[in-house]
$ cat entry32.csv   # CSV, C-alpha atoms and all ligand atoms
chain,number,residue,atom,x,y,z
Y,1,MET,CA,-77.5,64.5,-100.4
Y,2,ALA,CA,-74.0,65.2,-101.6
Y,3,GLY,CA,-71.6,66.2,-98.9
Y,4,ARG,CA,-73.9,65.0,-96.1
Y,5,ASN,CA,-73.5,61.9,-94.0
Y,6,TRP,CA,-76.2,59.3,-93.6
Y,7,PHE,CA,-77.1,56.4,-91.3
Y,8,ASN,CA,-79.3,53.7,-92.7
Y,9,GLU,CA,-80.9,50.7,-91.1
Y,10,LEU,CA,-82.6,48.0,-93.1
Y,11,HIS,CA,-85.8,46.9,-91.5
Y,12,THR,CA,-86.4,44.2,-94.1
Y,13,SER,CA,-84.2,43.3,-97.1
Y,14,SER,CA,-85.9,46.0,-99.1
Y,15,SER,CA,-87.0,48.7,-96.7
Y,16,GLY,CA,-85.6,50.7,-93.8
Y,17,ILE,CA,-84.8,54.1,-92.3
Y,18,LEU,CA,-82.4,56.8,-93.4
Y,19,LEU,CA,-81.2,59.4,-90.9
Y,20,GLU,CA,-78.7,62.2,-91.5
Y,21,ILE,CA,-75.7,62.2,-89.2
Y,22,SER,CA,-75.4,65.9,-88.6
Y,23,LYS,CA,-72.8,65.2,-85.9
Y,24,PRO,CA,-71.2,62.0,-84.7
Y,25,ILE,CA,-71.2,61.9,-80.9
Y,26,ALA,CA,-69.8,58.6,-79.7
Y,27,TYR,CA,-68.7,55.2,-80.8
Y,28,ARG,CA,-67.7,52.2,-78.7
Y,29,LYS,CA,-67.3,48.5,-79.4
Y,30,SER,CA,-68.3,46.9,-76.2
Y,31,SER,CA,-67.9,43.2,-75.3
Y,32,TYR,CA,-71.5,42.7,-76.6
Y,33,GLN,CA,-72.2,45.2,-79.4
Y,34,GLU,CA,-71.3,48.2,-81.4
Y,35,ILE,CA,-72.7,51.4,-79.8
Y,36,TRP,CA,-73.1,54.6,-81.8
Y,37,ILE,CA,-74.7,57.9,-80.8
Y,38,PHE,CA,-75.1,60.6,-83.4
Y,39,ASP,CA,-77.1,63.8,-83.8
Y,40,ASN,CA,-79.9,64.1,-86.3
Y,41,PRO,CA,-81.7,67.4,-87.1
Y,42,VAL,CA,-85.2,65.8,-86.6
Y,43,PHE,CA,-84.7,63.2,-83.9
Y,44,GLY,CA,-81.9,64.8,-81.8
Y,45,LYS,CA,-79.4,62.3,-80.4
Y,46,VAL,CA,-79.9,58.8,-81.8
Y,47,LEU,CA,-78.7,55.6,-79.9
Y,48,VAL,CA,-77.8,52.7,-82.3
Y,49,LEU,CA,-76.8,49.2,-81.2
Y,50,ASP,CA,-75.3,46.9,-83.8
Y,51,GLY,CA,-76.8,49.0,-86.5
Y,52,CYS,CA,-80.3,49.2,-85.1
Y,53,VAL,CA,-81.9,52.4,-83.8
Y,54,MET,CA,-82.7,51.8,-80.1
Y,55,THR,CA,-84.0,55.2,-79.2
Y,56,THR,CA,-83.8,58.9,-80.0
Y,57,GLU,CA,-84.2,62.0,-77.9
Y,58,LYS,CA,-87.2,63.2,-79.8
Y,59,ASP,CA,-89.4,60.0,-80.0
Y,60,GLU,CA,-88.2,58.0,-77.0
Y,61,PHE,CA,-91.2,59.0,-75.0
Y,62,PHE,CA,-93.7,57.2,-77.3
Y,63,TYR,CA,-92.0,53.9,-76.4
Y,64,HIS,CA,-90.8,54.3,-72.8
Y,65,GLU,CA,-94.2,55.7,-71.6
Y,66,MET,CA,-96.0,52.9,-73.3
Y,67,LEU,CA,-93.7,50.2,-72.0
Y,68,ALA,CA,-94.0,51.4,-68.4
Y,69,HIS,CA,-97.3,53.0,-67.7
Y,70,PRO,CA,-99.9,50.4,-68.6
Y,71,ALA,CA,-98.4,48.1,-66.0
Y,72,LEU,CA,-97.8,50.8,-63.4
Y,73,THR,CA,-101.3,52.2,-63.5
Y,74,THR,CA,-103.0,48.8,-63.3
Y,75,HIS,CA,-100.9,47.0,-60.6
Y,76,PRO,CA,-102.6,47.2,-57.2
Y,77,LYS,CA,-99.4,48.1,-55.4
Y,78,PRO,CA,-96.3,48.5,-57.6
Y,79,GLU,CA,-93.6,48.8,-54.9
Y,80,ARG,CA,-90.9,46.7,-56.5
Y,81,VAL,CA,-90.2,46.9,-60.2
Y,82,LEU,CA,-87.6,44.9,-62.2
Y,83,ILE,CA,-86.4,46.2,-65.6
Y,84,ILE,CA,-84.5,43.8,-67.9
Y,85,GLY,CA,-82.4,45.7,-70.4
Y,86,GLY,CA,-83.2,49.3,-70.7
Y,87,GLY,CA,-79.6,50.5,-70.4
Y,88,ASP,CA,-80.5,54.0,-71.8
Y,89,GLY,CA,-82.5,54.7,-68.7
Y,90,GLY,CA,-85.8,55.8,-70.4
Y,91,THR,CA,-87.9,53.1,-68.8
Y,92,LEU,CA,-86.3,53.5,-65.4
Y,93,ARG,CA,-87.2,57.2,-65.6
Y,94,GLU,CA,-90.9,56.4,-66.3
Y,95,VAL,CA,-91.0,53.8,-63.5
Y,96,LEU,CA,-89.6,56.2,-60.9
Y,97,ARG,CA,-92.3,58.8,-61.6
Y,98,TYR,CA,-94.5,56.8,-59.2
Y,99,PRO,CA,-94.1,57.5,-55.5
Y,100,GLU,CA,-95.5,54.0,-54.9
Y,101,VAL,CA,-92.4,52.5,-56.3
Y,102,GLY,CA,-89.9,52.0,-53.5
Y,103,LYS,CA,-87.3,50.2,-55.6
Y,104,ALA,CA,-86.5,49.8,-59.3
Y,105,THR,CA,-83.9,47.2,-60.2
Y,106,LEU,CA,-82.4,47.5,-63.7
Y,107,VAL,CA,-80.5,44.5,-65.1
Y,108,GLU,CA,-78.5,45.5,-68.1
Y,109,LEU,CA,-76.0,43.2,-69.9
Y,110,ASP,CA,-73.7,46.0,-71.2
Y,111,ARG,CA,-72.3,48.5,-68.8
Y,112,ASP,CA,-71.1,50.6,-71.8
Y,113,VAL,CA,-74.6,51.3,-72.8
Y,114,ILE,CA,-75.3,52.8,-69.4
Y,115,ASP,CA,-72.0,54.7,-69.4
Y,116,LEU,CA,-72.6,56.3,-72.8
Y,117,ALA,CA,-76.3,57.1,-72.0
Y,118,LYS,CA,-75.1,58.9,-68.8
Y,119,ARG,CA,-72.6,60.9,-70.8
Y,120,HIS,CA,-74.6,61.7,-73.9
Y,121,LEU,CA,-78.4,61.1,-73.2
Y,122,PRO,CA,-79.1,63.0,-70.0
Y,123,SER,CA,-82.9,63.3,-70.6
Y,124,LEU,CA,-83.0,59.4,-70.7
Y,125,SER,CA,-80.4,58.5,-68.1
Y,126,ILE,CA,-81.5,61.1,-65.5
Y,127,SER,CA,-82.9,58.5,-63.1
Y,128,PHE,CA,-79.8,56.4,-62.6
Y,129,SER,CA,-79.0,58.8,-59.8
Y,130,ASP,CA,-82.4,58.2,-58.0
Y,131,PRO,CA,-81.8,56.6,-54.6
Y,132,ARG,CA,-84.5,54.1,-55.4
Y,133,ALA,CA,-82.7,52.9,-58.5
Y,134,GLU,CA,-80.5,49.7,-58.3
Y,135,VAL,CA,-78.4,48.8,-61.3
Y,136,VAL,CA,-77.1,45.3,-61.9
Y,137,ILE,CA,-74.8,44.6,-64.7
Y,138,GLY,CA,-75.5,41.1,-66.1
Y,139,ASP,CA,-77.6,38.8,-68.2
Y,140,GLY,CA,-81.3,39.3,-67.4
Y,141,ALA,CA,-82.1,35.6,-67.9
Y,142,LYS,CA,-79.4,34.5,-65.4
Y,143,PHE,CA,-80.7,37.2,-62.9
Y,144,VAL,CA,-84.3,36.0,-62.9
Y,145,LYS,CA,-83.2,32.4,-62.6
Y,146,THR,CA,-81.3,33.1,-59.3
Y,147,ALA,CA,-83.1,36.2,-57.9
Y,148,LYS,CA,-84.1,35.9,-54.3
Y,149,SER,CA,-86.5,38.9,-54.2
Y,150,SER,CA,-90.0,39.1,-55.5
Y,151,TYR,CA,-91.3,41.8,-57.8
Y,152,ASP,CA,-94.6,43.4,-58.5
Y,153,VAL,CA,-93.9,44.5,-62.0
Y,154,VAL,CA,-91.3,43.2,-64.5
Y,155,LEU,CA,-90.6,45.2,-67.7
Y,156,VAL,CA,-88.5,43.7,-70.4
Y,157,ASP,CA,-86.9,46.5,-72.4
Y,158,SER,CA,-84.6,44.5,-74.6
Y,159,THR,CA,-83.0,44.6,-78.0
Y,160,ASP,CA,-84.5,42.5,-80.8
Y,161,PRO,CA,-84.8,38.7,-80.2
Y,162,VAL,CA,-81.4,37.9,-81.6
Y,163,GLY,CA,-78.0,37.5,-80.0
Y,164,PRO,CA,-77.9,38.0,-76.2
Y,165,ALA,CA,-81.5,39.2,-76.1
Y,166,GLU,CA,-82.9,36.0,-77.8
Y,167,ILE,CA,-83.2,34.2,-74.4
Y,168,LEU,CA,-85.4,37.1,-73.1
Y,169,PHE,CA,-88.2,35.9,-75.3
Y,170,SER,CA,-88.0,32.2,-74.2
Y,171,GLU,CA,-90.4,30.1,-72.2
Y,172,GLY,CA,-87.8,29.4,-69.5
Y,173,PHE,CA,-87.2,33.1,-69.0
Y,174,TYR,CA,-90.9,33.8,-68.7
Y,175,ARG,CA,-91.4,30.9,-66.3
Y,176,ASP,CA,-88.6,32.3,-64.1
Y,177,ILE,CA,-90.3,35.7,-64.1
Y,178,LYS,CA,-93.6,34.2,-63.2
Y,179,ALA,CA,-92.0,32.6,-60.1
Y,180,LEU,CA,-90.8,36.1,-59.0
Y,181,ILE,CA,-94.0,38.1,-59.4
Y,182,GLY,CA,-96.7,36.1,-57.7
Y,183,ARG,CA,-100.4,36.1,-58.4
Y,184,ASP,CA,-100.9,39.9,-58.6
Y,185,GLY,CA,-97.7,40.4,-60.7
Y,186,ILE,CA,-97.5,41.9,-64.1
Y,187,LEU,CA,-95.0,41.2,-66.9
Y,188,ALA,CA,-94.9,43.8,-69.7
Y,189,LEU,CA,-92.5,43.5,-72.6
Y,190,GLN,CA,-91.7,45.0,-76.0
Y,191,CYS,CA,-92.8,42.5,-78.6
Y,192,GLU,CA,-91.8,43.8,-82.1
Y,193,SER,CA,-93.7,45.0,-85.1
Y,194,PRO,CA,-97.3,43.9,-85.9
Y,195,PHE,CA,-96.7,44.9,-89.5
Y,196,LEU,CA,-93.4,43.0,-90.0
Y,197,HIS,CA,-93.2,40.4,-87.2
Y,198,MET,CA,-96.7,39.0,-86.7
Y,199,ASP,CA,-95.5,35.3,-86.7
Y,200,PHE,CA,-93.1,36.2,-83.9
Y,201,ILE,CA,-95.9,38.0,-81.9
Y,202,LYS,CA,-98.1,34.9,-82.3
Y,203,SER,CA,-95.3,32.7,-81.1
Y,204,GLN,CA,-94.9,34.9,-78.0
Y,205,LYS,CA,-98.6,34.8,-77.4
Y,206,LYS,CA,-98.5,31.0,-77.4
Y,207,ILE,CA,-95.6,30.8,-75.0
Y,208,LEU,CA,-97.0,33.5,-72.6
Y,209,SER,CA,-100.5,32.0,-72.6
Y,210,SER,CA,-99.1,28.7,-71.5
Y,211,ILE,CA,-97.6,30.4,-68.4
Y,212,PHE,CA,-100.0,33.3,-67.5
Y,213,GLY,CA,-103.7,33.3,-67.0
Y,214,ARG,CA,-104.2,36.6,-69.0
Y,215,VAL,CA,-102.2,37.7,-71.9
Y,216,ASN,CA,-103.1,40.9,-73.8
Y,217,PHE,CA,-101.3,42.8,-76.5
Y,218,TYR,CA,-101.3,46.6,-77.0
Y,219,ASN,CA,-99.8,48.9,-79.5
Y,220,ALA,CA,-98.1,52.2,-79.8
Y,221,VAL,CA,-96.5,54.2,-82.6
Y,222,VAL,CA,-92.8,54.5,-82.5
Y,223,PRO,CA,-91.7,56.6,-85.4
Y,224,THR,CA,-88.1,55.2,-85.7
Y,225,TYR,CA,-89.0,51.6,-85.3
Y,226,PRO,CA,-89.5,49.0,-88.1
Y,227,GLY,CA,-93.1,49.4,-89.4
Y,228,SER,CA,-93.7,52.4,-87.0
Y,229,LEU,CA,-96.5,50.5,-85.2
Y,230,TRP,CA,-95.0,48.6,-82.2
Y,231,SER,CA,-96.5,45.9,-80.0
Y,232,PHE,CA,-96.2,45.2,-76.3
Y,233,ALA,CA,-97.4,42.1,-74.3
Y,234,PHE,CA,-99.1,42.5,-70.9
Y,235,ALA,CA,-99.1,39.2,-69.0
Y,236,SER,CA,-100.6,38.5,-65.6
Y,237,ASP,CA,-102.8,35.9,-63.7
Y,238,SER,CA,-105.2,38.3,-62.0
Y,239,VAL,CA,-104.8,41.9,-63.3
Y,240,ASP,CA,-107.3,43.3,-65.7
Y,241,PRO,CA,-105.2,45.5,-68.1
Y,242,LEU,CA,-108.2,47.8,-68.6
Y,243,GLU,CA,-108.9,48.5,-64.9
Y,244,LEU,CA,-106.7,51.4,-64.0
Y,245,LYS,CA,-105.9,51.6,-60.2
Y,246,ARG,CA,-104.4,55.1,-60.3
Y,247,LYS,CA,-104.1,58.2,-62.5
Y,248,PRO,CA,-100.9,58.4,-64.5
Y,249,PRO,CA,-98.2,60.9,-63.4
Y,250,GLU,CA,-98.5,64.5,-64.6
Y,251,GLY,CA,-96.4,65.6,-67.6
Y,252,LEU,CA,-96.6,62.6,-69.9
Y,253,ARG,CA,-96.6,63.3,-73.6
Y,254,TYR,CA,-97.9,60.1,-75.2
Y,255,TYR,CA,-99.6,58.0,-72.5
Y,256,ASP,CA,-102.9,58.9,-70.8
Y,257,GLU,CA,-105.9,56.8,-69.7
Y,258,HIS,CA,-107.6,57.3,-73.1
Y,259,ILE,CA,-104.5,56.1,-75.0
Y,260,HIS,CA,-104.2,53.2,-72.5
Y,261,ARG,CA,-107.7,51.9,-73.5
Y,262,ALA,CA,-107.2,52.7,-77.2
Y,263,ALA,CA,-103.8,50.8,-77.2
Y,264,PHE,CA,-105.4,47.6,-76.1
Y,265,THR,CA,-108.0,47.8,-78.9
Y,266,LEU,CA,-106.2,46.0,-81.7
Y,267,PRO,CA,-106.7,46.7,-85.4
Y,268,PRO,CA,-108.6,43.9,-87.1
Y,269,PHE,CA,-105.5,42.7,-89.1
Y,270,MET,CA,-103.7,42.0,-85.7
Y,271,ARG,CA,-106.7,41.0,-83.7
Y,272,ASP,CA,-107.8,38.3,-86.2
Y,273,GLU,CA,-104.2,36.8,-86.1
Y,274,ILE,CA,-103.7,37.0,-82.4
Y,275,GLU,CA,-107.2,35.7,-81.4
Y,276,ARG,CA,-107.2,32.9,-84.0
E,1,LIG,N1,-85.4,51.5,-75.1
E,1,LIG,C1,-84.8,51.0,-76.3
E,1,LIG,C2,-85.8,50.2,-77.0
E,1,LIG,O1,-86.8,50.8,-77.2
E,1,LIG,O2,-85.6,49.1,-77.5
E,1,LIG,C3,-83.6,50.3,-76.2
E,1,LIG,C4,-83.6,49.3,-75.1
E,1,LIG,S1,-82.1,49.1,-74.3
E,1,LIG,C5,-80.9,50.0,-75.2
E,1,LIG,C6,-81.9,47.4,-74.9
E,1,LIG,C7,-80.9,46.8,-74.0
E,1,LIG,O3,-81.0,45.4,-73.8
E,1,LIG,C8,-79.4,47.0,-74.5
E,1,LIG,O4,-78.8,47.9,-73.7
E,1,LIG,C9,-78.8,45.6,-74.4
E,1,LIG,O5,-77.5,45.6,-74.0
E,1,LIG,C10,-79.8,44.9,-73.4
E,1,LIG,N2,-79.7,43.5,-73.4
E,1,LIG,C11,-79.7,42.7,-74.5
E,1,LIG,N3,-79.7,41.4,-74.1
E,1,LIG,C12,-79.8,41.4,-72.7
E,1,LIG,C13,-79.8,40.4,-71.7
E,1,LIG,N4,-79.8,39.1,-72.0
E,1,LIG,N5,-79.8,40.8,-70.4
E,1,LIG,C14,-79.8,42.1,-70.0
E,1,LIG,N6,-79.8,43.1,-71.0
E,1,LIG,C15,-79.8,42.7,-72.3
$ encode --input "entry32.csv" --output "structure tokens"
Amino acid sequence: MAGRNWFNELHTSSSGILLEISKPIAYRKSSYQEIWIFDNPVFGKVLVLDGCVMTTEKDEFFYHEMLAHPALTTHPKPERVLIIGGGDGGTLREVLRYPEVGKATLVELDRDVIDLAKRHLPSLSISFSDPRAEVVIGDGAKFVKTAKSSYDVVLVDSTDPVGPAEILFSEGFYRDIKALIGRDGILALQCESPFLHMDFIKSQKKILSSIFGRVNFYNAVVPTYPGSLWSFAFASDSVDPLELKRKPPEGLRYYDEHIHRAAFTLPPFMRDEIER
């Protein structure tokens, strides 16, 4: 290891991830967070916010496909999509694969994340130039509180529930979203690690279930995330998460209709906790 540079992120006080920095690419201290991008021989370019790996060129599709496609294949008519967070552009790219989507609004707190993603992460930020994409710089919680439009699908692609993202996991935020999506609407959100954060996931289930008629969880592997297994919540009043209304777009590398069904089948350790 001598003579080589390393990035490490603690996932708990005694475990974490270690990535070689083969080439530093960018660093910026924005008004909200420290933003790093560096090259790694295995994962390609790595985006780090306040010391936490957000996404990497090589494994980003596991997460972005799984955050976007379960909602977009099951909503009856996903014409208007709202993305909260997601400043790297990966989720926006997945949403705009659907010709049914007429407009995708992305609300990102930190314009510097978008700027650096456009400069250094072209495979993720490619869709910011799509005419159907609308970018709003601001706090997602404030946006949904005052939004005048309605949406068919809302995807919350936030950092972990600390700091500016903490409010994106609150009852008030979810209630504001519920008011925007109507009866057929779907809310899907990243919901942390079933291996390390089960109490948090259970607390989210309790909050979401007090607001939405149907709340399901599904999982995906994200190699660079804490615990590798990652959870997502799927909340709606009327949509059955296992009733696909359309085939997924061509060219996906993690998600397909089989993975969709498998993802909603929770392993016993998680199912017993969630359904208790
Ligand atoms: N796609 C990656 C992932 O898997 O987690 C990263 C998601 S994206 C980089 C997370 C974004 O959420 C960050 O750019 C951060 O600035 C943004 N964010 C945090 N709190 C926010 C808030 N209250 N409103 C809008 N965006 C917020």
$ closest_residue --input "entry32.csv" --among "Y:Val113, Y:Met1, Y:Ile181, Y:Leu266" --to "ligand LIG 1 (chain E)" --atoms "only C-alpha atoms and all ligand atoms"
Y:Val113
$ residues_around --input "entry32.csv" --residues "Thr73 in chain Y" --least-positions-apart "5" --cutoff "6 Å" --atoms "all atoms listed in the file" --output "list in words"
Leu244, Lys245 and Arg246 of chain Y
$ write_last_selection --input "entry32.csv" --atoms "C-alpha atoms" --output "PDB file, in the coordinates of the input"
ATOM      1  CA  LEU Y 244    -106.700  51.400 -64.000  1.00  0.00           C
ATOM      2  CA  LYS Y 245    -105.900  51.600 -60.200  1.00  0.00           C
ATOM      3  CA  ARG Y 246    -104.400  55.100 -60.300  1.00  0.00           C
TER       4      ARG Y 246
END
$ closest_residue --input "entry32.csv" --among "Y:Ile37, Y:Pro70, Y:Tyr174, Y:Ile207" --to "Ala263 in chain Y" --atoms "all atoms listed in the file"
Y:Pro70
$ atom_distance --input "entry32.csv" --atom1 "CA of Lys58 in chain Y" --atom2 "CA of Pro122 in chain Y"
12.7 Å
$ residues_near_point --input "entry32.csv" --point "(-82.8, 53.5, -77.4)" --cutoff "12 Å" --atoms "all atoms listed in the file" --output "MDAnalysis selection string"
chainID Y and resid 35:37 43 45:64 85:91 113:114 116:117 121 123:125 157:160 222 224:225
$ closest_residue --input "entry32.csv" --among "Y:Val156, Y:Ala133, Y:Leu82, Y:Ala165" --to "Asp110 in chain Y" --atoms "only C-alpha atoms"
Y:Ala165
$ atom_distance --input "entry32.csv" --atom1 "CA of Asp272 in chain Y" --atom2 "CA of Leu229 in chain Y"
16.7 Å
$ atom_distance --input "entry32.csv" --atom1 "CA of Leu106 in chain Y" --atom2 "CA of Val135 in chain Y"
4.8 Å
$ residues_around --input "entry32.csv" --residues "Ser22 in chain Y" --least-positions-apart "4" --cutoff "8 Å" --atoms "all atoms listed in the file" --output "number ranges by chain"
Y: 4-5, 38-41
$ write_last_selection --input "entry32.csv" --atoms "C-alpha atoms" --output "short mmCIF file (atom, residue, chain, number, x, y, z; two decimals), in the coordinates of the input"
data_model
loop_
_atom_site.label_atom_id
_atom_site.label_comp_id
_atom_site.auth_asym_id
_atom_site.auth_seq_id
_atom_site.Cartn_x
_atom_site.Cartn_y
_atom_site.Cartn_z
CA ARG Y 4 -73.90 65.00 -96.10
CA ASN Y 5 -73.50 61.90 -94.00
CA PHE Y 38 -75.10 60.60 -83.40
CA ASP Y 39 -77.10 63.80 -83.80
CA ASN Y 40 -79.90 64.10 -86.30
CA PRO Y 41 -81.70 67.40 -87.10
#
